[in-house]
>>> print(open('final_39.csv').read())   # CSV, C-alpha atoms
chain,number,residue,atom,x,y,z
A,1,MET,CA,9.8,-0.7,-3.3
A,2,LYS,CA,8.8,-0.2,0.4
A,3,ILE,CA,5.0,-0.4,0.9
A,4,LEU,CA,2.8,0.2,3.9
A,5,VAL,CA,-0.9,-0.7,3.9
A,6,THR,CA,-2.9,1.4,6.4
A,7,TYR,CA,-6.6,0.9,7.2
A,8,GLN,CA,-9.5,2.3,9.2
A,9,SER,CA,-12.0,-0.5,9.9
A,10,LYS,CA,-15.2,-0.4,11.9
A,11,SER,CA,-16.7,-3.9,11.4
A,12,GLY,CA,-13.6,-5.9,10.1
A,13,PHE,CA,-14.1,-5.9,6.3
A,14,THR,CA,-11.6,-3.2,5.5
A,15,GLU,CA,-9.1,-4.8,7.8
A,16,LYS,CA,-9.7,-8.1,5.9
A,17,TYR,CA,-8.9,-6.4,2.6
A,18,ALA,CA,-5.8,-4.7,4.1
A,19,GLN,CA,-4.6,-8.2,5.2
A,20,TRP,CA,-5.2,-9.7,1.7
A,21,ILE,CA,-3.4,-6.8,0.1
A,22,SER,CA,-0.4,-6.8,2.5
A,23,GLN,CA,0.0,-10.6,2.1
A,24,GLU,CA,-0.2,-10.4,-1.7
A,25,LEU,CA,2.4,-7.6,-1.8
A,26,SER,CA,4.5,-9.0,1.0
A,27,CYS,CA,4.4,-5.7,2.9
A,28,GLU,CA,3.7,-4.2,6.3
A,29,MET,CA,0.1,-3.4,7.5
A,30,LYS,CA,-1.0,-1.1,10.3
A,31,ALA,CA,-4.2,0.4,11.6
A,32,ALA,CA,-4.2,4.1,10.5
A,33,GLU,CA,-4.4,5.3,14.1
A,34,GLU,CA,-1.0,3.6,14.8
A,35,VAL,CA,0.9,5.2,11.9
A,36,THR,CA,3.0,8.3,12.5
A,37,ALA,CA,3.9,10.9,9.9
A,38,GLN,CA,7.6,9.8,10.1
A,39,GLU,CA,6.6,6.2,9.3
A,40,ALA,CA,4.4,7.2,6.4
A,41,THR,CA,7.1,9.2,4.7
A,42,ALA,CA,9.6,6.4,5.2
A,43,TYR,CA,7.7,4.3,2.6
A,44,ASP,CA,7.8,4.6,-1.1
A,45,LEU,CA,4.0,3.9,-1.3
A,46,VAL,CA,1.2,4.0,1.3
A,47,ILE,CA,-2.0,2.1,0.4
A,48,HIS,CA,-4.8,3.4,2.6
A,49,GLY,CA,-8.2,1.7,2.9
A,50,GLY,CA,-11.2,3.0,4.8
A,51,TRP,CA,-14.8,2.1,5.3
A,52,LEU,CA,-17.3,4.4,3.6
A,53,MET,CA,-19.8,6.5,5.4
A,54,ALA,CA,-21.9,8.8,3.2
A,55,GLY,CA,-19.2,8.5,0.5
A,56,SER,CA,-16.3,9.6,2.8
A,57,ILE,CA,-13.3,7.3,3.2
A,58,ASN,CA,-12.6,7.0,6.9
A,59,GLY,CA,-9.0,7.7,7.9
A,60,LEU,CA,-8.0,9.2,4.6
A,61,GLU,CA,-7.5,12.8,5.7
A,62,LYS,CA,-5.2,11.6,8.6
A,63,ILE,CA,-3.0,9.7,6.1
A,64,ARG,CA,-3.0,12.6,3.6
A,65,LYS,CA,-1.8,15.0,6.2
A,66,MET,CA,1.3,12.8,6.7
A,67,ASN,CA,2.3,13.6,3.1
A,68,PRO,CA,3.2,10.1,1.9
A,69,LYS,CA,5.5,10.0,-1.2
A,70,LYS,CA,2.8,8.1,-3.2
A,71,LEU,CA,-0.7,7.2,-2.2
A,72,VAL,CA,-3.2,4.6,-3.4
A,73,VAL,CA,-6.6,4.4,-1.8
A,74,PHE,CA,-9.3,1.8,-1.5
A,75,GLY,CA,-12.8,2.2,0.0
A,76,VAL,CA,-15.1,-0.5,1.4
A,77,GLY,CA,-18.8,-0.3,1.4
A,78,LEU,CA,-22.1,-2.1,0.8
A,79,ALA,CA,-22.8,-0.9,-2.7
A,80,GLU,CA,-22.1,-3.1,-5.7
A,81,ASN,CA,-18.6,-2.8,-7.2
A,82,GLY,CA,-18.4,-0.1,-9.8
A,83,SER,CA,-21.5,1.7,-8.7
A,84,MET,CA,-19.9,4.4,-6.5
A,85,ASP,CA,-16.4,4.9,-7.9
A,86,GLU,CA,-16.9,8.4,-9.4
A,87,ALA,CA,-19.0,9.7,-6.5
A,88,VAL,CA,-16.5,8.5,-3.9
A,89,LYS,CA,-13.5,9.9,-5.9
A,90,LYS,CA,-15.3,13.3,-6.2
A,91,ARG,CA,-16.4,13.4,-2.5
A,92,ASN,CA,-12.8,12.6,-1.3
A,93,HIS,CA,-10.9,14.7,-3.9
A,94,LEU,CA,-9.2,11.7,-5.4
A,95,GLU,CA,-9.0,13.1,-9.0
A,96,ASN,CA,-5.2,12.4,-9.2
A,97,THR,CA,-5.0,9.5,-6.7
A,98,PRO,CA,-5.6,5.9,-7.8
A,99,PHE,CA,-8.8,4.6,-6.1
A,100,PHE,CA,-10.3,1.2,-5.9
A,101,TYR,CA,-13.7,0.3,-4.4
A,102,MET,CA,-14.3,-3.1,-2.8
A,103,GLN,CA,-17.7,-4.4,-1.6
A,104,GLY,CA,-17.6,-5.3,2.1
A,105,GLY,CA,-20.5,-6.2,4.3
A,106,ALA,CA,-22.3,-5.5,7.6
A,107,ASN,CA,-21.6,-6.7,11.0
A,108,PRO,CA,-24.3,-5.4,13.4
A,109,GLU,CA,-22.4,-6.6,16.5
A,110,LYS,CA,-19.6,-4.1,15.7
A,111,LEU,CA,-21.7,-1.1,14.6
A,112,GLY,CA,-22.9,1.6,16.9
A,113,LEU,CA,-26.5,2.8,17.0
A,114,PHE,CA,-26.0,5.6,14.5
A,115,SER,CA,-24.2,3.4,11.9
A,116,LYS,CA,-27.0,0.7,12.3
A,117,LEU,CA,-29.6,3.4,11.6
A,118,VAL,CA,-27.8,4.7,8.5
A,119,VAL,CA,-27.3,1.2,7.1
A,120,ARG,CA,-31.0,0.4,7.7
A,121,ILE,CA,-32.2,3.6,6.0
A,122,ALA,CA,-29.8,3.0,3.1
A,123,THR,CA,-30.7,-0.6,2.5
A,124,LYS,CA,-34.4,-0.4,3.6
A,125,LYS,CA,-33.9,-3.8,5.3
A,126,PRO,CA,-33.3,-5.1,8.8
A,127,LEU,CA,-29.6,-5.1,9.5
A,128,THR,CA,-28.2,-8.7,9.6
A,129,PHE,CA,-24.7,-10.0,9.3
A,130,LEU,CA,-23.7,-9.9,5.6
A,131,ASP,CA,-20.3,-10.6,4.1
A,132,LEU,CA,-19.9,-9.7,0.4
A,133,SER,CA,-16.1,-9.4,0.5
A,134,LYS,CA,-14.0,-11.4,-1.9
A,135,GLN,CA,-10.3,-11.5,-2.2
A,136,GLU,CA,-10.6,-11.2,-6.0
A,137,TYR,CA,-11.8,-7.6,-5.5
A,138,THR,CA,-8.2,-6.7,-4.6
A,139,ASP,CA,-6.9,-7.8,-8.0
A,140,GLY,CA,-7.1,-4.4,-9.7
A,141,LEU,CA,-5.2,-2.7,-6.9
A,142,ILE,CA,-2.6,-5.4,-6.7
A,143,GLN,CA,-2.0,-5.3,-10.4
A,144,TYR,CA,-1.8,-1.5,-10.4
A,145,VAL,CA,0.8,-1.4,-7.6
A,146,ARG,CA,2.9,-4.1,-9.3
A,147,GLN,CA,3.0,-2.0,-12.5
A,148,MET,CA,4.0,1.2,-10.7
A,149,ASP,CA,7.4,2.5,-11.5
A,150,ILE,CA,8.8,3.3,-8.1
A,151,PRO,CA,12.5,2.9,-7.3
A,152,ALA,CA,13.3,0.5,-4.5
A,153,GLY,CA,13.6,2.1,-1.1
A,154,ASN,CA,16.7,2.2,1.0
>>> encode(input="final_39.csv", output="structure tokens")
Amino acid sequence: MKILVTYQSKSGFTEKYAQWISQELSCEMKAAEEVTAQEATAYDLVIHGGWLMAGSINGLEKIRKMNPKKLVVFGVGLAENGSMDEAVKKRNHLENTPFFYMQGGANPEKLGLFSKLVVRIATKKPLTFLDLSKQEYTDGLIQYVRQMDIPAGN
């Protein structure tokens, strides 16, 4: 099975998860902005990860428009694991697409003024560096992909 992991990362946490997933599945990884439609359709499976802003998964629409053969999605945000799954699935129209949420963090040095303001309002705390990411949060996605019945690519 030929797999591509794509990601849209603002502060590095989504990219970190993409690296862990691509290493575990021994597959290629690329930033979403570097992927072409021709590339996306050449893979049996595209796994896309994006950071969450108001429940929207960044970069997802771009990847969807490329019409990958199969798509698995993960979103990275500050909320606790399991607390946002249904809301994010609904907001991003993922009813028939496997979705996995992974807790990330905050890196004020990489966020713009608007993002800093949104995070501060949401958390009601001063924005400081916070890393809640754990490689074990990728386990469900890895297990799901390994159990998929996709014929090997050419």
>>> residues_around(input="final_39.csv", residues="Gly12 in chain A", least_positions_apart="4", cutoff="12 Å", atoms="all atoms listed in the file", output="ChimeraX atom specification")
/A:7-8,16-19,31,49-51,76-77,104-111,129-131,133
>>> write_last_selection(input="final_39.csv", atoms="C-alpha atoms", output="short mmCIF file (atom, residue, chain, number, x, y, z; two decimals), in the frame of the given file")
data_model
loop_
_atom_site.label_atom_id
_atom_site.label_comp_id
_atom_site.auth_asym_id
_atom_site.auth_seq_id
_atom_site.Cartn_x
_atom_site.Cartn_y
_atom_site.Cartn_z
CA TYR A 7 -6.60 0.90 7.20
CA GLN A 8 -9.50 2.30 9.20
CA LYS A 16 -9.70 -8.10 5.90
CA TYR A 17 -8.90 -6.40 2.60
CA ALA A 18 -5.80 -4.70 4.10
CA GLN A 19 -4.60 -8.20 5.20
CA ALA A 31 -4.20 0.40 11.60
CA GLY A 49 -8.20 1.70 2.90
CA GLY A 50 -11.20 3.00 4.80
CA TRP A 51 -14.80 2.10 5.30
CA VAL A 76 -15.10 -0.50 1.40
CA GLY A 77 -18.80 -0.30 1.40
CA GLY A 104 -17.60 -5.30 2.10
CA GLY A 105 -20.50 -6.20 4.30
CA ALA A 106 -22.30 -5.50 7.60
CA ASN A 107 -21.60 -6.70 11.00
CA PRO A 108 -24.30 -5.40 13.40
CA GLU A 109 -22.40 -6.60 16.50
CA LYS A 110 -19.60 -4.10 15.70
CA LEU A 111 -21.70 -1.10 14.60
CA PHE A 129 -24.70 -10.00 9.30
CA LEU A 130 -23.70 -9.90 5.60
CA ASP A 131 -20.30 -10.60 4.10
CA SER A 133 -16.10 -9.40 0.50
#
>>> residues_around(input="final_39.csv", residues="range 90-94 of chain A", least_positions_apart="6", cutoff="9 Å", atoms="all atoms listed in the file", output="PyMOL selection string")
chain A and resi 55-57+60-61+73
>>> closest_residue(input="final_39.csv", among="A:Glu39, A:Glu80, A:Asp44, A:Glu33", to="Gly59 in chain A", atoms="only C-alpha atoms")
A:Glu33
>>> atom_distance(input="final_39.csv", atom1="CA of Lys65 in chain A", atom2="CA of Tyr137 in chain A")
27.3 Å
>>> closest_residue(input="final_39.csv", among="A:Lys10, A:Lys89, A:Lys134, A:Lys2", to="Gln103 in chain A", atoms="all atoms listed in the file")
A:Lys134
>>> closest_residue(input="final_39.csv", among="A:Leu127, A:Ala87, A:Ile21, A:Leu4", to="Val35 in chain A", atoms="only C-alpha atoms")
A:Leu4
>>> closest_residue(input="final_39.csv", among="A:Met53, A:Ala32, A:Arg64, A:Thr138", to="Ala79 in chain A", atoms="all atoms listed in the file")
A:Met53
>>> closest_residue(input="final_39.csv", among="A:Ser83, A:Ile3, A:Phe114, A:Thr36", to="Met148 in chain A", atoms="only C-alpha atoms")
A:Ile3
>>> closest_residue(input="final_39.csv", among="A:Val5, A:Leu78, A:Leu132, A:Leu71", to="Leu25 in chain A", atoms="all atoms listed in the file")
A:Val5
>>> atom_distance(input="final_39.csv", atom1="CA of Met84 in chain A", atom2="CA of Tyr43 in chain A")
29.1 Å
>>> atom_distance(input="final_39.csv", atom1="CA of Glu136 in chain A", atom2="CA of Phe99 in chain A")
15.9 Å
>>> residues_near_point(input="final_39.csv", point="(-3.0, 2.6, -5.5)", cutoff="10 Å", atoms="only C-alpha atoms", output="VMD selection string")
chain A and resid 45 to 49 70 to 74 97 to 100 140 to 146 148
